[in-house]
Amino acid sequence: MPRATSGRFSRTHQSSIKSAAASSSSKNHNANEGTSAGVRNPIFNTERFGQHILKNPQIAQTIVDKANLRPTDKVLEVGPGTGNLTVKILEKAKNVTAVEMDPRMAAELTKRVQGNCVPEQRKLDIIIGDFVKADLPYFDVCISNTPYQISSPLVFRLLSHRPIFRVAVLMFQREFAMRLVARPGTELWSRLSANVQLYSKVDLVMHVGKNNFRPAPQVESSVVRLVPLDPPPPIKFEEFDGLGRIIFSRRNKMVHATFMAKGVIEMLEQNWRTWCSTQNKMIDDDTNMKAKVEEVLSSSGYSEQRAAKMTLDDLLKLLSAFHDEGIHFA
């Protein structure tokens, strides 16, 4: 993983950041306390990072409770904001590493924790920077009020993290969350659903209304609980995702029609020729890739299926049938 280009600090962080944030806070604190849910945050431009501060303490407590934290747990929190979740996590966990993009927000969080008892100060580390690029430490649990624009990168970064963590409790924009938990045959079953459910068990925890945030977002939110499969299935993600990219591009069409779309056969033939060369197999110049693909679809029984109704097992069987013929997707 690439190293984060940002700074990292615990309770003894850069004084310049702290003083700047403290000055800004003292000038704007009273205005912030009087801000309604629908007004832009006057201290931090949280919307610039797609971030909305969770202000309802009961919801924050429920999120922490659903993580079933243990006293020995090391917790990764993404997008801590001003610490409404963080302070509740610190009460139960051994250590919290919070990844925050906005240095001013990170300084405010540190100042807030410094106002608590000394043990909690020592339990918090803050990484300032982009979660997608940051060097992540070991963690048992991830909790996140996720900035909207990193929802998908966050999920797949977590699922690819090693060693495998125990559980993640994550807040997302509602439509994204519902796609994560969607089942085959439903309107929201998609490539995202299949990819995530191949490597984890995902459940809906609760819905969260927009008025529970400051500033209030334009959409509703939902919380999901994600438990990665350990050990993960021995499936190369790029292959499964490559199949899904084709299948779900026209999810309500017959699978045969989707594979016959312009460019798909050419791509599969190129991949097949590459595979043959790596396996030192002779290539017949008269090979009809369209016929090979049709044969795989027909013999596997999925030619007349629709992606919208295909289960994970269906997708894995179809992938295996293509691999048996040397046809790959990545």
# chains A, B, ... in the order shown; residues from 1 in each chain; ligands from 1
call {"tool": "residues_around", "arguments": {"residues": "A:Met310", "least_positions_apart": "2", "cutoff": "10 Å", "atoms": "only C-alpha atoms", "output": "MDAnalysis selection string"}}
result
chainID A and resid 183:185 189:190 194 247 251 255 302 305:308 312:316
call {"tool": "residues_around", "arguments": {"residues": "stretch 168-173 of chain A", "least_positions_apart": "6", "cutoff": "10 Å", "atoms": "only C-alpha atoms", "output": "number ranges by chain"}}
result
A: 63-68, 75-78, 140-152, 154-155, 158, 180, 202-208, 210, 217-228
call {"tool": "residues_around", "arguments": {"residues": "A:Thr97", "least_positions_apart": "5", "cutoff": "12 Å", "atoms": "only C-alpha atoms", "output": "PDB file with all heavy atoms, in the first residue's frame"}}
result
ATOM      1  N   ARG A   8       0.815  12.414  11.011  1.00  0.00           N
ATOM      2  CA  ARG A   8       0.187  11.525  11.976  1.00  0.00           C
ATOM      3  C   ARG A   8       0.543  12.042  13.350  1.00  0.00           C
ATOM      4  O   ARG A   8       1.701  12.345  13.635  1.00  0.00           O
ATOM      5  CB  ARG A   8       0.693  10.092  11.785  1.00  0.00           C
ATOM      6  CG  ARG A   8       0.119   9.117  12.819  1.00  0.00           C
ATOM      7  CD  ARG A   8       0.625   7.718  12.572  1.00  0.00           C
ATOM      8  NE  ARG A   8       0.014   6.787  13.504  1.00  0.00           N
ATOM      9  CZ  ARG A   8      -0.389   5.571  13.199  1.00  0.00           C
ATOM     10  NH1 ARG A   8      -0.263   5.145  11.977  1.00  0.00           N
ATOM     11  NH2 ARG A   8      -0.931   4.801  14.114  1.00  0.00           N
ATOM     12  N   PHE A   9      -0.454  12.158  14.219  1.00  0.00           N
ATOM     13  CA  PHE A   9      -0.137  12.617  15.552  1.00  0.00           C
ATOM     14  C   PHE A   9      -1.111  12.029  16.563  1.00  0.00           C
ATOM     15  O   PHE A   9      -2.187  11.573  16.229  1.00  0.00           O
ATOM     16  CB  PHE A   9      -0.168  14.152  15.655  1.00  0.00           C
ATOM     17  CG  PHE A   9      -1.508  14.779  15.422  1.00  0.00           C
ATOM     18  CD1 PHE A   9      -2.385  14.997  16.466  1.00  0.00           C
ATOM     19  CD2 PHE A   9      -1.893  15.151  14.143  1.00  0.00           C
ATOM     20  CE1 PHE A   9      -3.617  15.590  16.250  1.00  0.00           C
ATOM     21  CE2 PHE A   9      -3.122  15.742  13.922  1.00  0.00           C
ATOM     22  CZ  PHE A   9      -3.992  15.958  14.972  1.00  0.00           C
ATOM     23  N   SER A  10      -0.707  12.017  17.829  1.00  0.00           N
ATOM     24  CA  SER A  10      -1.598  11.607  18.901  1.00  0.00           C
ATOM     25  C   SER A  10      -1.955  12.855  19.671  1.00  0.00           C
ATOM     26  O   SER A  10      -2.151  13.916  19.107  1.00  0.00           O
ATOM     27  CB  SER A  10      -0.914  10.565  19.787  1.00  0.00           C
ATOM     28  OG  SER A  10       0.275  11.096  20.324  1.00  0.00           O
ATOM     29  N   ARG A  11      -2.002  12.791  21.006  1.00  0.00           N
ATOM     30  CA  ARG A  11      -2.411  13.961  21.774  1.00  0.00           C
ATOM     31  C   ARG A  11      -1.360  15.059  21.746  1.00  0.00           C
ATOM     32  O   ARG A  11      -1.644  16.211  22.042  1.00  0.00           O
ATOM     33  CB  ARG A  11      -2.717  13.549  23.223  1.00  0.00           C
ATOM     34  CG  ARG A  11      -1.548  12.867  23.925  1.00  0.00           C
ATOM     35  CD  ARG A  11      -2.001  12.169  25.201  1.00  0.00           C
ATOM     36  NE  ARG A  11      -0.893  11.457  25.823  1.00  0.00           N
ATOM     37  CZ  ARG A  11      -0.101  11.969  26.737  1.00  0.00           C
ATOM     38  NH1 ARG A  11      -0.279  13.214  27.131  1.00  0.00           N
ATOM     39  NH2 ARG A  11       0.874  11.276  27.259  1.00  0.00           N
ATOM     40  N   ASP A  73      -9.740  -4.561  22.224  1.00  0.00           N
ATOM     41  CA  ASP A  73      -9.863  -4.223  20.807  1.00  0.00           C
ATOM     42  C   ASP A  73      -9.100  -2.965  20.422  1.00  0.00           C
ATOM     43  O   ASP A  73      -9.108  -1.963  21.139  1.00  0.00           O
ATOM     44  CB  ASP A  73     -11.333  -4.025  20.422  1.00  0.00           C
ATOM     45  CG  ASP A  73     -12.046  -5.331  20.161  1.00  0.00           C
ATOM     46  OD1 ASP A  73     -11.356  -6.337  19.893  1.00  0.00           O
ATOM     47  OD2 ASP A  73     -13.290  -5.356  20.225  1.00  0.00           O
ATOM     48  N   LYS A  74      -8.476  -3.038  19.240  1.00  0.00           N
ATOM     49  CA  LYS A  74      -7.922  -1.855  18.583  1.00  0.00           C
ATOM     50  C   LYS A  74      -8.897  -1.472  17.473  1.00  0.00           C
ATOM     51  O   LYS A  74      -9.229  -2.299  16.623  1.00  0.00           O
ATOM     52  CB  LYS A  74      -6.534  -2.157  18.017  1.00  0.00           C
ATOM     53  CG  LYS A  74      -5.508  -2.462  19.105  1.00  0.00           C
ATOM     54  CD  LYS A  74      -4.117  -2.649  18.537  1.00  0.00           C
ATOM     55  CE  LYS A  74      -3.103  -2.857  19.652  1.00  0.00           C
ATOM     56  NZ  LYS A  74      -1.721  -2.998  19.140  1.00  0.00           N
ATOM     57  N   VAL A  75      -9.348  -0.228  17.510  1.00  0.00           N
ATOM     58  CA  VAL A  75     -10.414   0.210  16.613  1.00  0.00           C
ATOM     59  C   VAL A  75      -9.893   1.228  15.610  1.00  0.00           C
ATOM     60  O   VAL A  75      -9.139   2.139  15.964  1.00  0.00           O
ATOM     61  CB  VAL A  75     -11.585   0.830  17.409  1.00  0.00           C
ATOM     62  CG1 VAL A  75     -12.679   1.327  16.466  1.00  0.00           C
ATOM     63  CG2 VAL A  75     -12.161  -0.189  18.396  1.00  0.00           C
ATOM     64  N   LEU A  76     -10.287   1.055  14.349  1.00  0.00           N
ATOM     65  CA  LEU A  76     -10.022   2.036  13.307  1.00  0.00           C
ATOM     66  C   LEU A  76     -11.300   2.819  13.071  1.00  0.00           C
ATOM     67  O   LEU A  76     -12.350   2.231  12.795  1.00  0.00           O
ATOM     68  CB  LEU A  76      -9.594   1.338  12.013  1.00  0.00           C
ATOM     69  CG  LEU A  76      -9.380   2.246  10.794  1.00  0.00           C
ATOM     70  CD1 LEU A  76      -8.115   3.088  10.976  1.00  0.00           C
ATOM     71  CD2 LEU A  76      -9.277   1.423   9.515  1.00  0.00           C
ATOM     72  N   GLU A  77     -11.233   4.139  13.202  1.00  0.00           N
ATOM     73  CA  GLU A  77     -12.386   4.985  12.911  1.00  0.00           C
ATOM     74  C   GLU A  77     -12.064   5.863  11.716  1.00  0.00           C
ATOM     75  O   GLU A  77     -11.028   6.538  11.700  1.00  0.00           O
ATOM     76  CB  GLU A  77     -12.778   5.857  14.106  1.00  0.00           C
ATOM     77  CG  GLU A  77     -14.051   6.647  13.833  1.00  0.00           C
ATOM     78  CD  GLU A  77     -14.432   7.638  14.923  1.00  0.00           C
ATOM     79  OE1 GLU A  77     -13.637   7.828  15.862  1.00  0.00           O
ATOM     80  OE2 GLU A  77     -15.520   8.243  14.816  1.00  0.00           O
ATOM     81  N   VAL A  78     -12.941   5.869  10.726  1.00  0.00           N
ATOM     82  CA  VAL A  78     -12.741   6.668   9.517  1.00  0.00           C
ATOM     83  C   VAL A  78     -13.722   7.834   9.532  1.00  0.00           C
ATOM     84  O   VAL A  78     -14.929   7.644   9.667  1.00  0.00           O
ATOM     85  CB  VAL A  78     -12.952   5.821   8.242  1.00  0.00           C
ATOM     86  CG1 VAL A  78     -12.663   6.657   7.003  1.00  0.00           C
ATOM     87  CG2 VAL A  78     -12.068   4.583   8.277  1.00  0.00           C
ATOM     88  N   GLY A  79     -13.196   9.058   9.416  1.00  0.00           N
ATOM     89  CA  GLY A  79     -14.041  10.244   9.434  1.00  0.00           C
ATOM     90  C   GLY A  79     -14.599  10.551  10.807  1.00  0.00           C
ATOM     91  O   GLY A  79     -15.821  10.630  10.972  1.00  0.00           O
ATOM     92  N   PRO A  80     -13.745  10.724  11.815  1.00  0.00           N
ATOM     93  CA  PRO A  80     -14.225  10.935  13.184  1.00  0.00           C
ATOM     94  C   PRO A  80     -14.907  12.276  13.399  1.00  0.00           C
ATOM     95  O   PRO A  80     -15.665  12.441  14.352  1.00  0.00           O
ATOM     96  CB  PRO A  80     -12.946  10.835  14.021  1.00  0.00           C
ATOM     97  CG  PRO A  80     -11.860  11.266  13.087  1.00  0.00           C
ATOM     98  CD  PRO A  80     -12.272  10.716  11.747  1.00  0.00           C
ATOM     99  N   GLY A  83     -15.633  14.004  16.953  1.00  0.00           N
ATOM    100  CA  GLY A  83     -15.425  12.990  17.979  1.00  0.00           C
ATOM    101  C   GLY A  83     -16.649  12.458  18.682  1.00  0.00           C
ATOM    102  O   GLY A  83     -16.522  11.807  19.724  1.00  0.00           O
ATOM    103  N   THR A  86     -16.075   8.909  18.523  1.00  0.00           N
ATOM    104  CA  THR A  86     -14.759   8.579  19.082  1.00  0.00           C
ATOM    105  C   THR A  86     -14.778   8.458  20.590  1.00  0.00           C
ATOM    106  O   THR A  86     -14.230   7.503  21.164  1.00  0.00           O
ATOM    107  CB  THR A  86     -13.723   9.650  18.675  1.00  0.00           C
ATOM    108  OG1 THR A  86     -13.863   9.952  17.295  1.00  0.00           O
ATOM    109  CG2 THR A  86     -12.311   9.163  18.948  1.00  0.00           C
ATOM    110  N   ILE A  89     -16.280   5.253  21.656  1.00  0.00           N
ATOM    111  CA  ILE A  89     -15.424   4.103  21.362  1.00  0.00           C
ATOM    112  C   ILE A  89     -14.303   4.012  22.392  1.00  0.00           C
ATOM    113  O   ILE A  89     -13.963   2.925  22.878  1.00  0.00           O
ATOM    114  CB  ILE A  89     -14.833   4.215  19.943  1.00  0.00           C
ATOM    115  CG1 ILE A  89     -15.949   4.259  18.900  1.00  0.00           C
ATOM    116  CG2 ILE A  89     -13.905   3.043  19.647  1.00  0.00           C
ATOM    117  CD1 ILE A  89     -15.460   4.618  17.489  1.00  0.00           C
ATOM    118  N   LEU A  90     -13.721   5.165  22.754  1.00  0.00           N
ATOM    119  CA  LEU A  90     -12.612   5.190  23.713  1.00  0.00           C
ATOM    120  C   LEU A  90     -13.007   4.626  25.071  1.00  0.00           C
ATOM    121  O   LEU A  90     -12.164   4.090  25.801  1.00  0.00           O
ATOM    122  CB  LEU A  90     -12.104   6.621  23.875  1.00  0.00           C
ATOM    123  CG  LEU A  90     -11.276   7.188  22.715  1.00  0.00           C
ATOM    124  CD1 LEU A  90     -11.082   8.688  22.875  1.00  0.00           C
ATOM    125  CD2 LEU A  90      -9.934   6.479  22.624  1.00  0.00           C
ATOM    126  N   ALA A 106      -9.226  17.378  12.967  1.00  0.00           N
ATOM    127  CA  ALA A 106      -8.370  16.520  13.782  1.00  0.00           C
ATOM    128  C   ALA A 106      -7.906  17.251  15.040  1.00  0.00           C
ATOM    129  O   ALA A 106      -7.851  16.674  16.131  1.00  0.00           O
ATOM    130  CB  ALA A 106      -7.163  16.068  12.961  1.00  0.00           C
ATOM    131  N   THR A 110      -8.662  16.222  18.940  1.00  0.00           N
ATOM    132  CA  THR A 110      -7.612  16.062  19.943  1.00  0.00           C
ATOM    133  C   THR A 110      -7.886  16.927  21.158  1.00  0.00           C
ATOM    134  O   THR A 110      -7.742  16.490  22.311  1.00  0.00           O
ATOM    135  CB  THR A 110      -6.239  16.428  19.340  1.00  0.00           C
ATOM    136  OG1 THR A 110      -6.015  15.629  18.181  1.00  0.00           O
ATOM    137  CG2 THR A 110      -5.121  16.172  20.339  1.00  0.00           C
ATOM    138  N   GLN A 121      -6.689  10.001  26.621  1.00  0.00           N
ATOM    139  CA  GLN A 121      -5.769  10.733  25.747  1.00  0.00           C
ATOM    140  C   GLN A 121      -4.741   9.790  25.152  1.00  0.00           C
ATOM    141  O   GLN A 121      -4.395   9.865  23.975  1.00  0.00           O
ATOM    142  CB  GLN A 121      -5.058  11.831  26.536  1.00  0.00           C
ATOM    143  CG  GLN A 121      -5.970  12.919  27.099  1.00  0.00           C
ATOM    144  CD  GLN A 121      -5.180  13.923  27.915  1.00  0.00           C
ATOM    145  OE1 GLN A 121      -3.997  14.158  27.655  1.00  0.00           O
ATOM    146  NE2 GLN A 121      -5.822  14.510  28.911  1.00  0.00           N
ATOM    147  N   ARG A 122      -4.253   8.879  25.970  1.00  0.00           N
ATOM    148  CA  ARG A 122      -3.196   7.972  25.537  1.00  0.00           C
ATOM    149  C   ARG A 122      -3.712   6.875  24.610  1.00  0.00           C
ATOM    150  O   ARG A 122      -2.930   6.203  23.943  1.00  0.00           O
ATOM    151  CB  ARG A 122      -2.542   7.330  26.766  1.00  0.00           C
ATOM    152  CG  ARG A 122      -1.765   8.331  27.615  1.00  0.00           C
ATOM    153  CD  ARG A 122      -1.261   7.707  28.882  1.00  0.00           C
ATOM    154  NE  ARG A 122      -0.457   8.649  29.677  1.00  0.00           N
ATOM    155  CZ  ARG A 122      -0.048   8.434  30.917  1.00  0.00           C
ATOM    156  NH1 ARG A 122      -0.383   7.295  31.534  1.00  0.00           N
ATOM    157  NH2 ARG A 122       0.674   9.330  31.564  1.00  0.00           N
ATOM    158  N   LYS A 123      -5.012   6.692  24.559  1.00  0.00           N
ATOM    159  CA  LYS A 123      -5.601   5.634  23.746  1.00  0.00           C
ATOM    160  C   LYS A 123      -5.917   6.087  22.327  1.00  0.00           C
ATOM    161  O   LYS A 123      -6.328   5.276  21.498  1.00  0.00           O
ATOM    162  CB  LYS A 123      -6.883   5.125  24.407  1.00  0.00           C
ATOM    163  CG  LYS A 123      -6.643   4.330  25.680  1.00  0.00           C
ATOM    164  CD  LYS A 123      -7.895   4.200  26.533  1.00  0.00           C
ATOM    165  CE  LYS A 123      -8.992   3.427  25.855  1.00  0.00           C
ATOM    166  NZ  LYS A 123     -10.154   3.215  26.764  1.00  0.00           N
ATOM    167  N   LEU A 124      -5.738   7.375  22.025  1.00  0.00           N
ATOM    168  CA  LEU A 124      -6.117   7.904  20.715  1.00  0.00           C
ATOM    169  C   LEU A 124      -4.910   8.278  19.868  1.00  0.00           C
ATOM    170  O   LEU A 124      -4.026   9.002  20.317  1.00  0.00           O
ATOM    171  CB  LEU A 124      -7.006   9.144  20.877  1.00  0.00           C
ATOM    172  CG  LEU A 124      -7.398   9.872  19.577  1.00  0.00           C
ATOM    173  CD1 LEU A 124      -8.285   8.985  18.706  1.00  0.00           C
ATOM    174  CD2 LEU A 124      -8.099  11.187  19.896  1.00  0.00           C
ATOM    175  N   ASP A 125      -4.902   7.781  18.638  1.00  0.00           N
ATOM    176  CA  ASP A 125      -3.937   8.205  17.613  1.00  0.00           C
ATOM    177  C   ASP A 125      -4.739   8.740  16.429  1.00  0.00           C
ATOM    178  O   ASP A 125      -5.799   8.201  16.096  1.00  0.00           O
ATOM    179  CB  ASP A 125      -3.062   7.048  17.144  1.00  0.00           C
ATOM    180  CG  ASP A 125      -2.127   6.562  18.235  1.00  0.00           C
ATOM    181  OD1 ASP A 125      -1.360   7.383  18.766  1.00  0.00           O
ATOM    182  OD2 ASP A 125      -2.191   5.359  18.569  1.00  0.00           O
ATOM    183  N   ILE A 126      -4.212   9.791  15.800  1.00  0.00           N
ATOM    184  CA  ILE A 126      -4.915  10.379  14.654  1.00  0.00           C
ATOM    185  C   ILE A 126      -3.993  10.400  13.441  1.00  0.00           C
ATOM    186  O   ILE A 126      -2.847  10.837  13.526  1.00  0.00           O
ATOM    187  CB  ILE A 126      -5.392  11.813  14.971  1.00  0.00           C
ATOM    188  CG1 ILE A 126      -6.343  11.810  16.171  1.00  0.00           C
ATOM    189  CG2 ILE A 126      -6.087  12.420  13.752  1.00  0.00           C
ATOM    190  CD1 ILE A 126      -6.815  13.184  16.594  1.00  0.00           C
ATOM    191  N   ILE A 127      -4.518   9.903  12.330  1.00  0.00           N
ATOM    192  CA  ILE A 127      -3.826   9.999  11.045  1.00  0.00           C
ATOM    193  C   ILE A 127      -4.542  11.071  10.236  1.00  0.00           C
ATOM    194  O   ILE A 127      -5.750  10.968   9.995  1.00  0.00           O
ATOM    195  CB  ILE A 127      -3.856   8.666  10.281  1.00  0.00           C
ATOM    196  CG1 ILE A 127      -3.153   7.563  11.072  1.00  0.00           C
ATOM    197  CG2 ILE A 127      -3.214   8.818   8.904  1.00  0.00           C
ATOM    198  CD1 ILE A 127      -3.255   6.187  10.427  1.00  0.00           C
ATOM    199  N   ILE A 128      -3.810  12.107   9.838  1.00  0.00           N
ATOM    200  CA  ILE A 128      -4.401  13.161   9.020  1.00  0.00           C
ATOM    201  C   ILE A 128      -4.125  12.852   7.554  1.00  0.00           C
ATOM    202  O   ILE A 128      -2.963  12.795   7.142  1.00  0.00           O
ATOM    203  CB  ILE A 128      -3.826  14.545   9.364  1.00  0.00           C
ATOM    204  CG1 ILE A 128      -3.978  14.815  10.848  1.00  0.00           C
ATOM    205  CG2 ILE A 128      -4.529  15.637   8.559  1.00  0.00           C
ATOM    206  CD1 ILE A 128      -3.346  16.126  11.287  1.00  0.00           C
ATOM    207  N   PHE A 131      -7.908   8.384   3.681  1.00  0.00           N
ATOM    208  CA  PHE A 131      -7.996   6.995   4.135  1.00  0.00           C
ATOM    209  C   PHE A 131      -7.568   6.017   3.045  1.00  0.00           C
ATOM    210  O   PHE A 131      -6.915   5.009   3.325  1.00  0.00           O
ATOM    211  CB  PHE A 131      -9.434   6.681   4.560  1.00  0.00           C
ATOM    212  CG  PHE A 131      -9.697   5.210   4.732  1.00  0.00           C
ATOM    213  CD1 PHE A 131      -9.317   4.557   5.885  1.00  0.00           C
ATOM    214  CD2 PHE A 131     -10.325   4.477   3.727  1.00  0.00           C
ATOM    215  CE1 PHE A 131      -9.546   3.197   6.040  1.00  0.00           C
ATOM    216  CE2 PHE A 131     -10.558   3.125   3.874  1.00  0.00           C
ATOM    217  CZ  PHE A 131     -10.167   2.478   5.038  1.00  0.00           C
ATOM    218  N   ALA A 134      -3.750   6.035   3.027  1.00  0.00           N
ATOM    219  CA  ALA A 134      -3.040   5.963   4.305  1.00  0.00           C
ATOM    220  C   ALA A 134      -2.512   4.563   4.586  1.00  0.00           C
ATOM    221  O   ALA A 134      -3.084   3.557   4.167  1.00  0.00           O
ATOM    222  CB  ALA A 134      -3.957   6.412   5.434  1.00  0.00           C
ATOM    223  N   ASP A 135      -1.401   4.503   5.306  1.00  0.00           N
ATOM    224  CA  ASP A 135      -0.854   3.255   5.814  1.00  0.00           C
ATOM    225  C   ASP A 135      -1.641   2.889   7.065  1.00  0.00           C
ATOM    226  O   ASP A 135      -1.538   3.587   8.079  1.00  0.00           O
ATOM    227  CB  ASP A 135       0.624   3.440   6.162  1.00  0.00           C
ATOM    228  CG  ASP A 135       1.525   2.519   5.388  1.00  0.00           C
ATOM    229  OD1 ASP A 135       1.009   1.689   4.626  1.00  0.00           O
ATOM    230  OD2 ASP A 135       2.748   2.614   5.549  1.00  0.00           O
ATOM    231  N   LEU A 136      -2.402   1.827   7.018  1.00  0.00           N
ATOM    232  CA  LEU A 136      -3.273   1.489   8.136  1.00  0.00           C
ATOM    233  C   LEU A 136      -2.566   0.570   9.126  1.00  0.00           C
ATOM    234  O   LEU A 136      -1.847  -0.349   8.730  1.00  0.00           O
ATOM    235  CB  LEU A 136      -4.542   0.810   7.628  1.00  0.00           C
ATOM    236  CG  LEU A 136      -5.404   1.622   6.656  1.00  0.00           C
ATOM    237  CD1 LEU A 136      -6.621   0.794   6.243  1.00  0.00           C
ATOM    238  CD2 LEU A 136      -5.830   2.942   7.266  1.00  0.00           C
ATOM    239  N   PRO A 137      -2.803   0.786  10.424  1.00  0.00           N
ATOM    240  CA  PRO A 137      -2.241  -0.112  11.439  1.00  0.00           C
ATOM    241  C   PRO A 137      -3.099  -1.364  11.577  1.00  0.00           C
ATOM    242  O   PRO A 137      -4.155  -1.485  10.934  1.00  0.00           O
ATOM    243  CB  PRO A 137      -2.329   0.742  12.709  1.00  0.00           C
ATOM    244  CG  PRO A 137      -3.580   1.542  12.503  1.00  0.00           C
ATOM    245  CD  PRO A 137      -3.616   1.860  11.016  1.00  0.00           C
ATOM    246  N   TYR A 138      -2.680  -2.273  12.434  1.00  0.00           N
ATOM    247  CA  TYR A 138      -3.513  -3.425  12.768  1.00  0.00           C
ATOM    248  C   TYR A 138      -4.771  -2.923  13.483  1.00  0.00           C
ATOM    249  O   TYR A 138      -4.708  -2.013  14.308  1.00  0.00           O
ATOM    250  CB  TYR A 138      -2.755  -4.392  13.685  1.00  0.00           C
ATOM    251  CG  TYR A 138      -3.648  -5.476  14.254  1.00  0.00           C
ATOM    252  CD1 TYR A 138      -3.862  -6.653  13.547  1.00  0.00           C
ATOM    253  CD2 TYR A 138      -4.300  -5.299  15.474  1.00  0.00           C
ATOM    254  CE1 TYR A 138      -4.700  -7.638  14.052  1.00  0.00           C
ATOM    255  CE2 TYR A 138      -5.147  -6.277  15.981  1.00  0.00           C
ATOM    256  CZ  TYR A 138      -5.341  -7.441  15.267  1.00  0.00           C
ATOM    257  OH  TYR A 138      -6.177  -8.400  15.765  1.00  0.00           O
ATOM    258  N   PHE A 139      -5.931  -3.524  13.180  1.00  0.00           N
ATOM    259  CA  PHE A 139      -7.138  -3.194  13.917  1.00  0.00           C
ATOM    260  C   PHE A 139      -8.067  -4.402  13.951  1.00  0.00           C
ATOM    261  O   PHE A 139      -8.044  -5.262  13.073  1.00  0.00           O
ATOM    262  CB  PHE A 139      -7.865  -1.986  13.305  1.00  0.00           C
ATOM    263  CG  PHE A 139      -8.310  -2.168  11.881  1.00  0.00           C
ATOM    264  CD1 PHE A 139      -9.592  -2.619  11.578  1.00  0.00           C
ATOM    265  CD2 PHE A 139      -7.462  -1.875  10.823  1.00  0.00           C
ATOM    266  CE1 PHE A 139     -10.007  -2.780  10.267  1.00  0.00           C
ATOM    267  CE2 PHE A 139      -7.869  -2.036   9.499  1.00  0.00           C
ATOM    268  CZ  PHE A 139      -9.145  -2.491   9.225  1.00  0.00           C
ATOM    269  N   ASP A 140      -8.867  -4.476  15.006  1.00  0.00           N
ATOM    270  CA  ASP A 140      -9.840  -5.557  15.172  1.00  0.00           C
ATOM    271  C   ASP A 140     -11.208  -5.167  14.636  1.00  0.00           C
ATOM    272  O   ASP A 140     -11.955  -6.012  14.135  1.00  0.00           O
ATOM    273  CB  ASP A 140      -9.984  -5.916  16.660  1.00  0.00           C
ATOM    274  CG  ASP A 140      -8.671  -6.326  17.290  1.00  0.00           C
ATOM    275  OD1 ASP A 140      -8.177  -7.414  16.956  1.00  0.00           O
ATOM    276  OD2 ASP A 140      -8.138  -5.548  18.116  1.00  0.00           O
ATOM    277  N   VAL A 141     -11.542  -3.880  14.787  1.00  0.00           N
ATOM    278  CA  VAL A 141     -12.874  -3.386  14.452  1.00  0.00           C
ATOM    279  C   VAL A 141     -12.744  -2.054  13.718  1.00  0.00           C
ATOM    280  O   VAL A 141     -11.867  -1.252  14.041  1.00  0.00           O
ATOM    281  CB  VAL A 141     -13.727  -3.191  15.725  1.00  0.00           C
ATOM    282  CG1 VAL A 141     -15.089  -2.598  15.388  1.00  0.00           C
ATOM    283  CG2 VAL A 141     -13.881  -4.502  16.485  1.00  0.00           C
ATOM    284  N   CYS A 142     -13.609  -1.838  12.729  1.00  0.00           N
ATOM    285  CA  CYS A 142     -13.672  -0.538  12.057  1.00  0.00           C
ATOM    286  C   CYS A 142     -15.058   0.059  12.275  1.00  0.00           C
ATOM    287  O   CYS A 142     -16.068  -0.641  12.127  1.00  0.00           O
ATOM    288  CB  CYS A 142     -13.389  -0.670  10.562  1.00  0.00           C
ATOM    289  SG  CYS A 142     -13.512   0.906   9.657  1.00  0.00           S
ATOM    290  N   ILE A 143     -15.094   1.324  12.647  1.00  0.00           N
ATOM    291  CA  ILE A 143     -16.344   2.063  12.809  1.00  0.00           C
ATOM    292  C   ILE A 143     -16.220   3.344  12.005  1.00  0.00           C
ATOM    293  O   ILE A 143     -15.197   4.028  12.075  1.00  0.00           O
ATOM    294  CB  ILE A 143     -16.621   2.379  14.291  1.00  0.00           C
ATOM    295  CG1 ILE A 143     -16.809   1.075  15.080  1.00  0.00           C
ATOM    296  CG2 ILE A 143     -17.850   3.266  14.434  1.00  0.00           C
ATOM    297  CD1 ILE A 143     -16.998   1.267  16.566  1.00  0.00           C
ATOM    298  N   SER A 144     -17.252   3.667  11.227  1.00  0.00           N
ATOM    299  CA  SER A 144     -17.126   4.832  10.357  1.00  0.00           C
ATOM    300  C   SER A 144     -18.463   5.496  10.071  1.00  0.00           C
ATOM    301  O   SER A 144     -19.435   4.826   9.714  1.00  0.00           O
ATOM    302  CB  SER A 144     -16.481   4.430   9.023  1.00  0.00           C
ATOM    303  OG  SER A 144     -16.482   5.503   8.105  1.00  0.00           O
TER     304      SER A 144
END
call {"tool": "select_by_dssp", "arguments": {"residues": "stretch 29-163 of chain A", "states": "strand (DSSP E or B)", "output": "PyMOL selection string"}}
result
chain A and resi 53-54+74-78+95-100+124-128+141-145
call {"tool": "select_by_dssp", "arguments": {"residues": "stretch 78-263 of chain A", "states": "helix (DSSP H, G or I)", "output": "ChimeraX atom specification"}}
result
/A:86-90,103-114,118-122,148-159,174-181,191-199,210-212,237-250,255-259
